[in-house]
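Participant: What follows is entry-v8.tsv, made up of TSV, C-alpha atoms and all ligand atoms:
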chain	number	residue	atom	x	y	z
A	1	MET	CA	-27.81	-70.84	-1.79
A	2	PHE	CA	-28.92	-67.47	-0.53
A	3	GLN	CA	-26.63	-65.64	1.90
A	4	ALA	CA	-27.64	-63.44	4.81
A	5	SER	CA	-26.63	-60.37	2.80
A	6	ASP	CA	-29.25	-61.14	0.11
A	7	SER	CA	-32.11	-59.65	2.12
A	8	LYS	CA	-32.49	-57.28	5.04
A	9	TYR	CA	-34.87	-59.83	6.54
A	10	LEU	CA	-31.99	-62.31	6.64
A	11	SER	CA	-29.26	-59.98	7.87
A	12	ASP	CA	-31.07	-57.70	10.32
A	13	ASN	CA	-31.18	-59.48	13.67
A	14	GLN	CA	-34.50	-57.91	14.56
A	15	TRP	CA	-36.53	-60.87	15.86
A	16	TYR	CA	-39.88	-59.11	16.27
A	17	MET	CA	-41.59	-56.64	13.96
A	18	PRO	CA	-44.56	-54.75	15.41
A	19	TYR	CA	-47.75	-55.83	13.65
A	20	ASN	CA	-48.50	-52.34	12.34
A	21	GLU	CA	-45.04	-52.30	10.75
A	22	LEU	CA	-45.72	-55.66	9.10
A	23	LEU	CA	-49.07	-54.39	7.79
A	24	THR	CA	-47.30	-51.77	5.70
A	25	ALA	CA	-44.22	-53.82	4.75
A	26	PHE	CA	-45.81	-55.27	1.58
A	27	ASN	CA	-48.95	-54.95	-0.46
A	28	TRP	CA	-50.96	-57.56	1.43
A	29	GLU	CA	-54.45	-58.77	0.81
A	30	ILE	CA	-56.66	-59.06	3.91
A	31	ILE	CA	-58.40	-62.44	3.92
A	32	GLY	CA	-60.15	-62.25	7.27
A	33	TYR	CA	-59.98	-61.05	10.83
A	34	SER	CA	-58.90	-62.63	14.10
A	35	SER	CA	-61.20	-62.92	17.12
A	36	GLU	CA	-60.00	-59.47	18.18
A	37	GLU	CA	-60.50	-58.21	14.63
A	38	ARG	CA	-56.90	-57.87	13.60
A	39	PRO	CA	-56.45	-58.37	9.85
A	40	ILE	CA	-55.12	-61.73	8.70
A	41	LEU	CA	-52.78	-61.05	5.80
A	42	ASN	CA	-52.08	-62.99	2.63
A	43	THR	CA	-50.03	-62.58	-0.50
A	44	THR	CA	-49.38	-64.81	-3.49
A	45	LEU	CA	-46.04	-65.01	-5.29
A	46	GLY	CA	-46.09	-66.13	-8.90
A	47	THR	CA	-48.97	-67.21	-11.12
A	48	GLY	CA	-47.77	-70.70	-12.00
A	49	SER	CA	-49.81	-73.86	-11.86
A	50	ARG	CA	-48.08	-75.45	-8.87
A	51	SER	CA	-49.88	-74.32	-5.72
A	52	ILE	CA	-47.99	-74.08	-2.43
A	53	CYS	CA	-49.23	-72.80	0.95
A	54	MET	CA	-46.92	-71.36	3.60
A	55	TRP	CA	-47.83	-69.87	6.97
A	56	ALA	CA	-46.14	-68.79	10.17
A	57	GLY	CA	-47.09	-67.21	13.46
A	58	MET	CA	-49.57	-69.87	14.55
A	59	HIS	CA	-47.89	-69.45	17.92
A	60	GLY	CA	-47.39	-65.73	18.42
A	61	ASN	CA	-44.08	-66.04	20.23
A	62	GLU	CA	-42.43	-68.01	17.39
A	63	THR	CA	-41.22	-65.42	14.92
A	64	THR	CA	-38.41	-67.00	12.86
A	65	GLY	CA	-40.75	-68.34	10.18
A	66	ILE	CA	-42.24	-64.87	9.71
A	67	PHE	CA	-38.82	-63.53	8.75
A	68	MET	CA	-38.25	-66.51	6.46
A	69	LEU	CA	-41.47	-65.65	4.63
A	70	LEU	CA	-40.63	-61.94	4.51
A	71	SER	CA	-37.25	-62.87	2.99
A	72	LEU	CA	-38.92	-64.99	0.33
A	73	ILE	CA	-41.34	-62.19	-0.55
A	74	ASP	CA	-38.50	-59.67	-0.59
A	75	LEU	CA	-36.33	-61.84	-2.88
A	76	HIS	CA	-39.28	-62.35	-5.22
A	77	THR	CA	-40.16	-58.64	-5.23
A	78	ARG	CA	-36.59	-57.79	-6.23
A	79	ASN	CA	-36.49	-60.54	-8.92
A	80	LYS	CA	-33.75	-62.44	-7.12
A	81	ILE	CA	-35.64	-65.70	-7.28
A	82	ASP	CA	-37.64	-67.37	-10.05
A	83	LEU	CA	-40.95	-68.71	-8.78
A	84	SER	CA	-42.72	-68.65	-12.14
A	85	ASP	CA	-43.81	-72.31	-11.98
A	86	TYR	CA	-45.59	-71.69	-8.69
A	87	SER	CA	-48.40	-69.84	-7.02
A	88	ILE	CA	-47.04	-69.51	-3.49
A	89	HIS	CA	-49.76	-68.51	-1.06
A	90	ILE	CA	-48.40	-66.95	2.11
A	91	ILE	CA	-49.98	-66.04	5.43
A	92	PRO	CA	-47.17	-64.40	7.44
A	93	ILE	CA	-49.04	-64.50	10.77
A	94	ILE	CA	-52.12	-66.66	11.20
A	95	ASN	CA	-52.52	-65.76	14.89
A	96	PRO	CA	-52.11	-61.96	15.08
A	97	ASP	CA	-53.73	-61.63	18.53
A	98	ALA	CA	-51.09	-63.94	19.99
A	99	TYR	CA	-48.40	-62.16	18.00
A	100	VAL	CA	-49.12	-58.74	19.47
A	101	ARG	CA	-49.02	-60.27	22.96
A	102	PHE	CA	-46.01	-62.46	22.07
A	103	THR	CA	-47.81	-65.49	23.48
A	104	ARG	CA	-48.52	-68.98	22.22
A	105	ARG	CA	-52.31	-68.86	22.48
A	106	ASN	CA	-54.81	-66.72	20.61
A	107	GLY	CA	-56.85	-63.83	22.04
A	108	LEU	CA	-59.24	-66.29	23.70
A	109	SER	CA	-56.41	-68.37	25.20
A	110	ILE	CA	-56.91	-71.24	22.77
A	111	ASP	CA	-53.85	-72.97	21.29
A	112	LEU	CA	-54.69	-72.99	17.56
A	113	ASN	CA	-52.52	-76.03	17.02
A	114	ARG	CA	-54.88	-78.04	19.25
A	115	ASP	CA	-58.02	-76.84	17.44
A	116	PHE	CA	-57.70	-78.65	14.11
A	117	ARG	CA	-60.38	-81.18	14.92
A	118	ALA	CA	-63.03	-78.88	16.38
A	119	PHE	CA	-62.16	-75.75	14.31
A	120	GLN	CA	-63.78	-73.50	16.86
A	121	THR	CA	-61.37	-70.57	16.55
A	122	ILE	CA	-61.80	-68.09	13.75
A	123	GLU	CA	-58.10	-68.39	12.96
A	124	SER	CA	-57.93	-72.19	12.57
A	125	ALA	CA	-61.14	-72.23	10.51
A	126	LYS	CA	-59.74	-69.47	8.31
A	127	LEU	CA	-56.47	-71.33	7.79
A	128	ILE	CA	-58.13	-74.59	6.79
A	129	GLY	CA	-60.54	-72.84	4.43
A	130	TRP	CA	-57.65	-71.00	2.81
A	131	ILE	CA	-55.60	-74.20	2.40
A	132	LYS	CA	-58.46	-76.18	0.89
A	133	MET	CA	-59.35	-73.33	-1.46
A	134	ASN	CA	-55.77	-73.28	-2.77
A	135	SER	CA	-55.44	-77.09	-3.24
A	136	PRO	CA	-51.70	-77.05	-2.52
A	137	GLU	CA	-49.29	-79.77	-3.60
A	138	LEU	CA	-47.30	-78.93	-0.46
A	139	CYS	CA	-47.73	-76.86	2.73
A	140	PHE	CA	-45.03	-75.29	4.92
A	141	ASN	CA	-45.99	-74.93	8.58
A	142	LEU	CA	-43.38	-72.70	10.25
A	143	HIS	CA	-42.75	-72.82	14.01
A	144	ASP	CA	-39.94	-72.23	16.52
A	145	GLN	CA	-38.74	-74.83	18.99
A	146	ARG	CA	-37.52	-74.33	22.54
A	147	SER	CA	-33.82	-74.25	23.38
A	148	ILE	CA	-34.14	-77.56	25.33
A	149	PHE	CA	-33.96	-79.57	22.11
A	150	HIS	CA	-30.59	-80.99	21.18
A	151	LEU	CA	-28.87	-83.42	18.87
A	152	HIS	CA	-25.81	-85.14	20.32
A	153	ASN	CA	-25.68	-82.43	23.05
A	154	GLU	CA	-25.60	-79.59	20.49
A	155	PRO	CA	-28.59	-77.27	20.03
A	156	ALA	CA	-31.05	-78.40	17.34
A	157	TYR	CA	-31.07	-75.27	15.24
A	158	THR	CA	-33.63	-76.62	12.80
A	159	SER	CA	-35.82	-79.70	13.08
A	160	PHE	CA	-38.22	-81.01	10.48
A	161	LEU	CA	-41.29	-83.16	10.68
A	162	VAL	CA	-43.30	-84.92	8.05
A	163	PRO	CA	-46.26	-85.54	10.38
A	164	SER	CA	-48.08	-88.77	11.04
A	165	SER	CA	-51.58	-89.23	9.72
A	166	ASN	CA	-52.72	-91.69	12.37
A	167	GLU	CA	-52.01	-93.10	15.82
A	168	SER	CA	-49.81	-95.88	14.41
A	169	ARG	CA	-47.49	-93.35	12.71
A	170	ALA	CA	-47.70	-95.47	9.56
A	171	ILE	CA	-45.55	-94.38	6.62
A	172	THR	CA	-48.32	-93.78	4.10
A	173	PRO	CA	-47.46	-93.24	0.40
A	174	VAL	CA	-48.08	-89.48	0.78
A	175	ARG	CA	-45.82	-89.35	3.82
A	176	ARG	CA	-43.08	-91.43	2.19
A	177	ALA	CA	-43.07	-89.25	-0.90
A	178	LEU	CA	-42.70	-86.12	1.20
A	179	MET	CA	-39.95	-87.67	3.34
A	180	ASN	CA	-38.10	-88.36	0.08
A	181	ARG	CA	-38.68	-84.81	-1.12
A	182	VAL	CA	-37.35	-83.32	2.13
A	183	GLY	CA	-34.34	-85.64	1.94
A	184	ASN	CA	-33.62	-84.63	-1.65
A	185	ALA	CA	-33.98	-80.94	-0.76
A	186	LEU	CA	-31.47	-81.30	2.09
A	187	SER	CA	-29.03	-83.22	-0.15
A	188	SER	CA	-29.26	-80.56	-2.85
A	189	LEU	CA	-27.96	-77.90	-0.46
A	190	GLN	CA	-24.67	-79.79	-0.09
A	191	VAL	CA	-24.06	-78.54	3.43
A	192	PRO	CA	-23.26	-80.47	6.62
A	193	LEU	CA	-26.43	-81.46	8.47
A	194	ASN	CA	-25.13	-81.42	12.03
A	195	GLY	CA	-27.59	-79.46	14.17
A	196	ILE	CA	-30.47	-80.56	11.91
A	197	GLY	CA	-32.94	-82.98	13.45
A	198	ARG	CA	-36.26	-84.68	13.19
A	199	TYR	CA	-39.12	-83.54	15.42
A	200	SER	CA	-41.22	-86.18	17.17
A	201	ASP	CA	-43.82	-87.80	14.92
A	202	LYS	CA	-46.14	-88.66	17.81
A	203	PHE	CA	-49.65	-88.27	16.42
A	204	TYR	CA	-51.53	-85.17	17.59
A	205	PRO	CA	-55.07	-85.47	16.16
A	206	THR	CA	-55.78	-81.79	16.90
A	207	ALA	CA	-52.60	-80.36	15.31
A	208	VAL	CA	-52.79	-78.84	11.84
A	209	GLY	CA	-50.02	-80.94	10.28
A	210	ASP	CA	-51.47	-84.23	11.45
A	211	TYR	CA	-54.97	-83.19	10.39
A	212	LEU	CA	-53.76	-82.24	6.90
A	213	MET	CA	-51.77	-85.46	6.56
A	214	ALA	CA	-54.86	-87.47	7.52
A	215	LYS	CA	-56.68	-85.66	4.70
A	216	GLY	CA	-53.87	-86.50	2.25
A	217	ILE	CA	-52.53	-82.92	2.06
A	218	PRO	CA	-48.71	-83.06	2.22
A	219	ASN	CA	-47.15	-80.67	4.70
A	220	VAL	CA	-43.84	-80.22	6.42
A	221	LEU	CA	-43.22	-78.66	9.83
A	222	PHE	CA	-40.16	-76.47	10.30
A	223	GLU	CA	-39.06	-75.96	13.90
A	224	SER	CA	-36.44	-73.20	13.99
A	225	GLY	CA	-34.18	-73.23	17.03
A	226	VAL	CA	-31.32	-71.39	18.64
A	227	SER	CA	-27.67	-72.18	18.15
A	228	VAL	CA	-24.75	-71.36	20.43
A	229	ASP	CA	-24.44	-67.55	20.66
A	230	ASP	CA	-27.37	-67.18	18.26
A	231	PHE	CA	-30.51	-66.74	20.31
A	232	GLU	CA	-32.13	-64.62	17.60
A	233	ARG	CA	-32.13	-67.77	15.43
A	234	MET	CA	-30.44	-66.04	12.51
A	235	LYS	CA	-28.75	-69.27	11.42
A	236	ALA	CA	-32.08	-71.13	11.41
A	237	ARG	CA	-33.69	-68.26	9.50
A	238	LEU	CA	-31.18	-68.44	6.65
A	239	PHE	CA	-31.06	-72.22	6.59
A	240	GLY	CA	-34.85	-72.46	6.68
A	241	LEU	CA	-35.24	-70.13	3.72
A	242	ASN	CA	-32.76	-72.16	1.70
A	243	VAL	CA	-34.53	-75.40	2.57
A	244	MET	CA	-37.88	-73.88	1.59
A	245	VAL	CA	-36.55	-72.95	-1.84
A	246	ALA	CA	-34.80	-76.30	-2.23
A	247	LEU	CA	-38.01	-78.11	-1.30
A	248	LEU	CA	-39.94	-76.35	-4.04
A	249	ASN	CA	-37.54	-77.73	-6.61
A	250	ALA	CA	-36.92	-81.18	-5.08
A	251	ASP	CA	-38.56	-84.33	-6.40
A	252	ASP	CA	-39.68	-87.38	-4.43
A	253	THR	CA	-37.33	-90.00	-5.81
A	254	PRO	CA	-36.20	-92.31	-2.98
A	255	SER	CA	-33.96	-90.71	-0.35
A	256	VAL	CA	-33.07	-91.75	3.19
A	257	VAL	CA	-31.56	-88.39	4.19
A	258	TYR	CA	-34.64	-87.31	6.14
A	259	ASP	CA	-34.93	-90.73	7.81
A	260	GLU	CA	-31.31	-90.54	8.91
A	261	LEU	CA	-31.61	-87.18	10.64
A	262	PRO	CA	-31.25	-87.68	14.41
A	263	GLN	CA	-34.38	-87.44	16.56
A	264	ASN	CA	-34.67	-84.34	18.73
A	265	LYS	CA	-33.78	-85.01	22.36
A	266	GLU	CA	-34.90	-82.83	25.27
A	267	GLY	CA	-32.99	-81.48	28.25
A	268	LEU	CA	-30.39	-79.06	26.92
A	269	LEU	CA	-29.56	-76.24	29.35
A	270	GLU	CA	-28.37	-72.83	28.19
A	271	TRP	CA	-25.86	-71.66	30.80
A	272	VAL	CA	-24.79	-73.60	33.88
A	273	PHE	CA	-22.72	-72.36	36.84
A	274	THR	CA	-21.35	-75.52	38.48
A	275	GLY	CA	-20.83	-76.25	42.17
A	276	VAL	CA	-22.14	-72.96	43.53
A	277	LEU	CA	-22.31	-72.65	47.35
A	278	TYR	CA	-25.99	-72.15	48.10
A	279	ALA	CA	-27.64	-72.52	51.54
A	280	ARG	CA	-24.75	-74.78	52.69
A	281	MET	CA	-25.17	-76.96	49.59
A	282	ARG	CA	-23.13	-77.23	46.43
A	283	VAL	CA	-25.53	-76.93	43.50
A	284	ASP	CA	-25.47	-76.26	39.79
A	285	VAL	CA	-27.39	-73.16	38.74
A	286	ALA	CA	-28.86	-73.07	35.23
A	287	ILE	CA	-30.14	-69.85	33.72
A	288	LYS	CA	-31.79	-69.22	30.39
A	289	ARG	CA	-32.81	-66.31	28.22
A	290	VAL	CA	-36.38	-65.14	27.98
A	291	TYR	CA	-37.44	-62.89	25.14
A	292	TYR	CA	-40.44	-60.65	25.69
A	293	VAL	CA	-42.58	-58.09	23.96
A	294	ASN	CA	-44.57	-55.71	26.12
A	295	GLY	CA	-46.41	-53.09	24.14
A	296	HIS	CA	-43.74	-51.24	22.22
A	297	ALA	CA	-40.94	-52.58	24.40
A	298	GLN	CA	-38.97	-55.63	23.34
A	299	GLY	CA	-36.15	-57.21	25.24
A	300	MET	CA	-34.46	-60.20	26.80
A	301	TYR	CA	-33.63	-61.19	30.36
A	302	TYR	CA	-32.08	-64.20	32.10
A	303	MET	CA	-34.26	-66.29	34.34
A	304	VAL	CA	-33.48	-69.01	36.85
A	305	ASP	CA	-34.12	-72.22	34.95
A	306	GLU	CA	-32.97	-75.07	37.22
A	307	LEU	CA	-31.12	-75.68	40.48
A	308	GLY	CA	-29.50	-78.82	41.87
A	309	ASP	CA	-27.36	-81.63	40.54
A	310	LEU	CA	-27.39	-80.96	36.81
A	311	ALA	CA	-24.26	-82.95	35.95
A	312	SER	CA	-26.13	-85.29	33.62
A	313	ARG	CA	-27.73	-82.50	31.57
A	314	PRO	CA	-26.01	-81.19	28.44
A	315	ARG	CA	-25.42	-77.44	28.32
A	316	MET	CA	-24.47	-74.79	25.78
A	317	LYS	CA	-22.23	-72.85	28.12
A	318	GLU	CA	-20.62	-73.64	31.48
A	319	THR	CA	-18.91	-71.49	34.09
A	320	ASP	CA	-17.05	-72.94	37.07
A	321	GLY	CA	-19.05	-71.78	40.10
A	322	SER	CA	-16.91	-73.30	42.86
A	323	VAL	CA	-15.75	-69.89	44.05
A	324	ILE	CA	-19.30	-68.49	44.02
A	325	ALA	CA	-21.45	-68.23	47.17
A	326	LEU	CA	-25.04	-67.10	46.93
A	327	SER	CA	-26.59	-65.32	49.89
A	328	ALA	CA	-30.23	-65.14	48.81
A	329	PRO	CA	-32.61	-67.86	47.58
A	330	LEU	CA	-33.22	-68.18	43.85
A	331	ILE	CA	-36.71	-68.68	42.47
A	332	ILE	CA	-37.25	-70.86	39.40
A	333	GLY	CA	-38.89	-68.96	36.58
A	334	GLN	CA	-37.98	-65.53	37.96
A	335	PRO	CA	-35.48	-63.06	36.51
A	336	ILE	CA	-32.17	-63.71	38.25
A	337	THR	CA	-30.62	-61.31	40.75
A	338	ALA	CA	-27.27	-62.69	41.91
A	339	VAL	CA	-23.52	-62.23	41.73
A	340	LEU	CA	-22.36	-65.31	39.83
A	341	GLY	CA	-18.61	-64.87	40.01
A	342	PRO	CA	-17.55	-62.39	37.37
A	343	VAL	CA	-21.13	-61.86	36.17
A	344	VAL	CA	-23.51	-59.63	38.10
A	345	PHE	CA	-27.21	-60.08	37.36
A	346	GLU	CA	-29.89	-57.69	38.49
A	347	ASN	CA	-33.52	-58.45	37.62
A	348	GLY	CA	-32.34	-60.71	34.84
A	349	LEU	CA	-29.93	-58.26	33.24
A	350	ILE	CA	-26.17	-58.40	33.28
A	351	VAL	CA	-25.05	-55.22	35.00
A	352	GLY	CA	-21.42	-56.05	35.66
B	401	ZN	ZN	-45.29	-73.58	17.50
Can the structure from this file be put into C-alpha cells for me?

Facilitator:
Amino acid sequence: MFQASDSKYLSDNQWYMPYNELLTAFNWEIIGYSSEERPILNTTLGTGSRSICMWAGMHGNETTGIFMLLSLIDLHTRNKIDLSDYSIHIIPIINPDAYVRFTRRNGLSIDLNRDFRAFQTIESAKLIGWIKMNSPELCFNLHDQRSIFHLHNEPAYTSFLVPSSNESRAITPVRRALMNRVGNALSSLQVPLNGIGRYSDKFYPTAVGDYLMAKGIPNVLFESGVSVDDFERMKARLFGLNVMVALLNADDTPSVVYDELPQNKEGLLEWVFTGVLYARMRVDVAIKRVYYVNGHAQGMYYMVDELGDLASRPRMKETDGSVIALSAPLIIGQPITAVLGPVVFENGLIVG
C-alpha cells in the first residue's frame, strides 16, 4: 500500500489548488472547454491495452478525488507504480467553472450529475463522448460526501457505489461482476473496513453512473468523507488512492465483501454543545465546519447547523453546555458568533 509520504499530493493537507496552478502542474492535453471557456484537461497514463477512465470535480466543491488523481499521476511520473498493462485516461476536473467558484453546479447553475439523460451541458456531453471514445473496461467517478453520513455513528470516511442500471435496482451480470471486483480489491488491502460504507443505490436516471450502468459500462462511485479531526479528508484521500490501484488489479471472482459493507446512514452532527440555556430553554446547539473559496482566499468557518433536542442524533464531538447561557439568537446556516463555554466564536472563527 502507498503511504502518505509517497507523494506530496497525499501528505500536503492543501484541499484546494487554484485552477491556474493545476493547469501547470502536469503536461495536460486540453480536450475541450467549459461553458465559460475554461480548458477541460486530460492525461493518459500508460499505453497498455486495458482502458480505464477516471474523473473528478464533477461537483466543484468536492476536491478529494482531484488529489487522488494527482497522486496517481505523480506516482506514475516518478516510476513508483507500474501501470504498463493499462491506458488510464484521467480528467482531473470535469466541471472547472464550478471548481473556480467552489460550488456544486456549473457556470449555468446546472448540476452535471442530473444532466446525463438530456446532455445539454457542454461538460456532460464532453465527458460522455470522452468515455465512449475510450471504451473503458472500468470507470472511476470520484466525489465527496457530506459529513452527515455515518456508519454505526462513526463518520463514513469513504463510501462506494456500484450504481443501479434501472428502477428495480436489479443486480445485472455487469453490476455483480463489478461488486465482486470491488470486494476483491478491498480484501486485497488487508485493512480493517470500519468507516467504509455503501452509498445508496437508489436509481437516478440522470446521474452519470446510473446512465453508464444502463449502457453496460462498468463504473464505481467513490464518495470521500471526513473522519474525526480530519476535515481535509486526508485519510479518505490515501485510502481512495490505494483502493483505485487495488481495483485495477482485482478480478471479479465471487466476493461478498462489497455486499457486506454497511449502508450509509444520514444524520451525523459534527460538534454538539448540550443543554445550553437559550431564551429560557435548554437546547442542544450543533455547529459544523464550512469550507469556502472566494477568489484567491480559502478558508473554513463554523456555522450554526441545528438547534433543539438533538439527543437522538449521533455526533463526532460533544461539549457539556449546561453552564453556558446564550444572550443572542442564533441563526441556522450563519457563521456562529457566541461564547460557548471555553470556546469563543466570532463570525464563525474561534477567537478564544
Ligand atoms: Zn458529488

Participant: CA of Tyr16 (chain A) and CA of Ile331 (chain A), how far apart in Å?

Facilitator: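 Between CA of Ile331 (chain A) and CA of Tyr16 (chain A) the gap works out to 28.1 Å.
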
Participant: Would you work out the distance separating CA of Tyr278 (chain A) from CA of Gly308 (chain A), expressed in Å to one decimal?

Facilitator: 9.8 Å

Participant: Once you count only C-alpha atoms and all ligand atoms, which residues end up within 9 Å of ligand ZN 401 (chain B), and could you hand them over as a list in words?

Facilitator: Ala56, Gly57, Met58, His59, Gly60, Asn61, Glu62, Arg104, Asn113, Leu142, His143, Asp144, Gln145 and Glu223 of chain A

Participant: Would you mind telling me which residue in A:Gly32, A:Gly195, A:Gly209, A:Gly46 lies nearest to Arg114 (chain A) when using all atoms listed in the file?

Facilitator: A:Gly209

Participant: Considering all atoms listed in the file, state which residue in the set A:Asp6, A:Tyr199, A:Ile128, A:Ser187 is at the smallest distance from Asn79 (chain A).

Facilitator: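 Using all atoms listed in the file, Asn79 (chain A) sits closest to A:Asp6.
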
Participant: Quick one: residues within 6 Å of Pro335 (chain A), all atoms listed in the file counted, chain neighbours fewer than 6 positions away excluded, as JSON, numbers by chain?

Facilitator: {"A": [302, 303, 347, 348]}

Participant: Could those selected residues go to a file with C-alpha atoms, as a short mmCIF file (atom, residue, chain, number, x, y, z; two decimals), in the frame of the given file?

Facilitator:
data_model
loop_
_atom_site.label_atom_id
_atom_site.label_comp_id
_atom_site.auth_asym_id
_atom_site.auth_seq_id
_atom_site.Cartn_x
_atom_site.Cartn_y
_atom_site.Cartn_z
CA TYR A 302 -32.08 -64.20 32.10
CA MET A 303 -34.26 -66.29 34.34
CA ASN A 347 -33.52 -58.45 37.62
CA GLY A 348 -32.34 -60.71 34.84
#

Participant: Env of Ser165 (chain A): 6 Å cut, atoms = only C-alpha atoms, seq-sep filter 6 positions within chain, self excluded. Answer as a ChimeraX atom specification.

Facilitator: /A:210,213-214

Participant: Have a look at CA of Asn249 (chain A) and CA of Arg181 (chain A) and let me know their distance in Å, one decimal.

Facilitator: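 Distance reported for this atom pair: 9.0 Å.
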
Participant: Counting all atoms listed in the file, what is within 12 Å of Arg105 (chain A), bar same-chain residues fewer than 2 positions away, as a PyMOL selection string?

Facilitator: chain A and resi 35+57-62+94-103+107-115+121+123-124

Participant: Contacts of Asp305 (chain A) at 9 Å or less, counting all atoms listed in the file, minus same-chain residues fewer than 6 places along, as a PyMOL selection string?

Facilitator: chain A and resi 269-270+285-288+331-334

Participant: What's around Leu238 (chain A) at 7 Å? Count all atoms listed in the file, leave out sequence neighbours fewer than 3 positions away in its own chain, and write the answer as an mmCIF file with C-alpha atoms, in the coordinates of the input.

Facilitator:
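Ended up saving to selection02.cif:
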data_model
loop_
_atom_site.group_PDB
_atom_site.id
_atom_site.type_symbol
_atom_site.label_atom_id
_atom_site.label_comp_id
_atom_site.auth_asym_id
_atom_site.auth_seq_id
_atom_site.Cartn_x
_atom_site.Cartn_y
_atom_site.Cartn_z
ATOM 1 C CA ALA A 4 -27.640 -63.440 4.810
ATOM 2 C CA LEU A 10 -31.990 -62.310 6.640
ATOM 3 C CA MET A 234 -30.440 -66.040 12.510
ATOM 4 C CA LYS A 235 -28.750 -69.270 11.420
ATOM 5 C CA LEU A 241 -35.240 -70.130 3.720
ATOM 6 C CA ASN A 242 -32.760 -72.160 1.700
#

Participant: Kindly indicate which residue among A:Val276, A:Ala328, A:Leu45, A:Ala311 lies nearest to Gly341 (chain A), using all atoms listed in the file for the distances.

Facilitator: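 So, comparing all the options, the nearest one is A:Val276.
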
Participant: Check the smallest atom-to-atom distance from each of A:Ile196, A:Leu151, A:Ile91, A:Leu349 to Val290 (chain A) using all atoms listed in the file, then report the winner.

Facilitator: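 So, comparing all the options, the nearest one is A:Leu349.
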
Participant: Using all atoms listed in the file, which of A:Phe203, A:Tyr211, A:Trp28, A:Tyr157 sits nearest Ala118 (chain A)?

Facilitator: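 Of A:Phe203, A:Tyr211, A:Trp28, A:Tyr157, the one nearest Ala118 (chain A) is A:Tyr211, counting all atoms listed in the file.
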
Participant: Using only C-alpha atoms for the distances, tell me which of A:Arg198, A:Lys215, A:His150, A:Arg237 is nearest to Asp12 (chain A).

Facilitator: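 Closest residue, counting only C-alpha atoms: A:Arg237.
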
Participant: Taking all atoms of region 327-336 of chain A that the file lists and extending 4 Å past them on each side, where is the centre of the axis-aligned box and how long are its edges? Answer in Å to one decimal, as AutoDock Vina command-line options.

Facilitator:
--center_x -32.7 --center_y -67.0 --center_z 43.2 --size_x 20.3 --size_y 15.8 --size_z 21.4
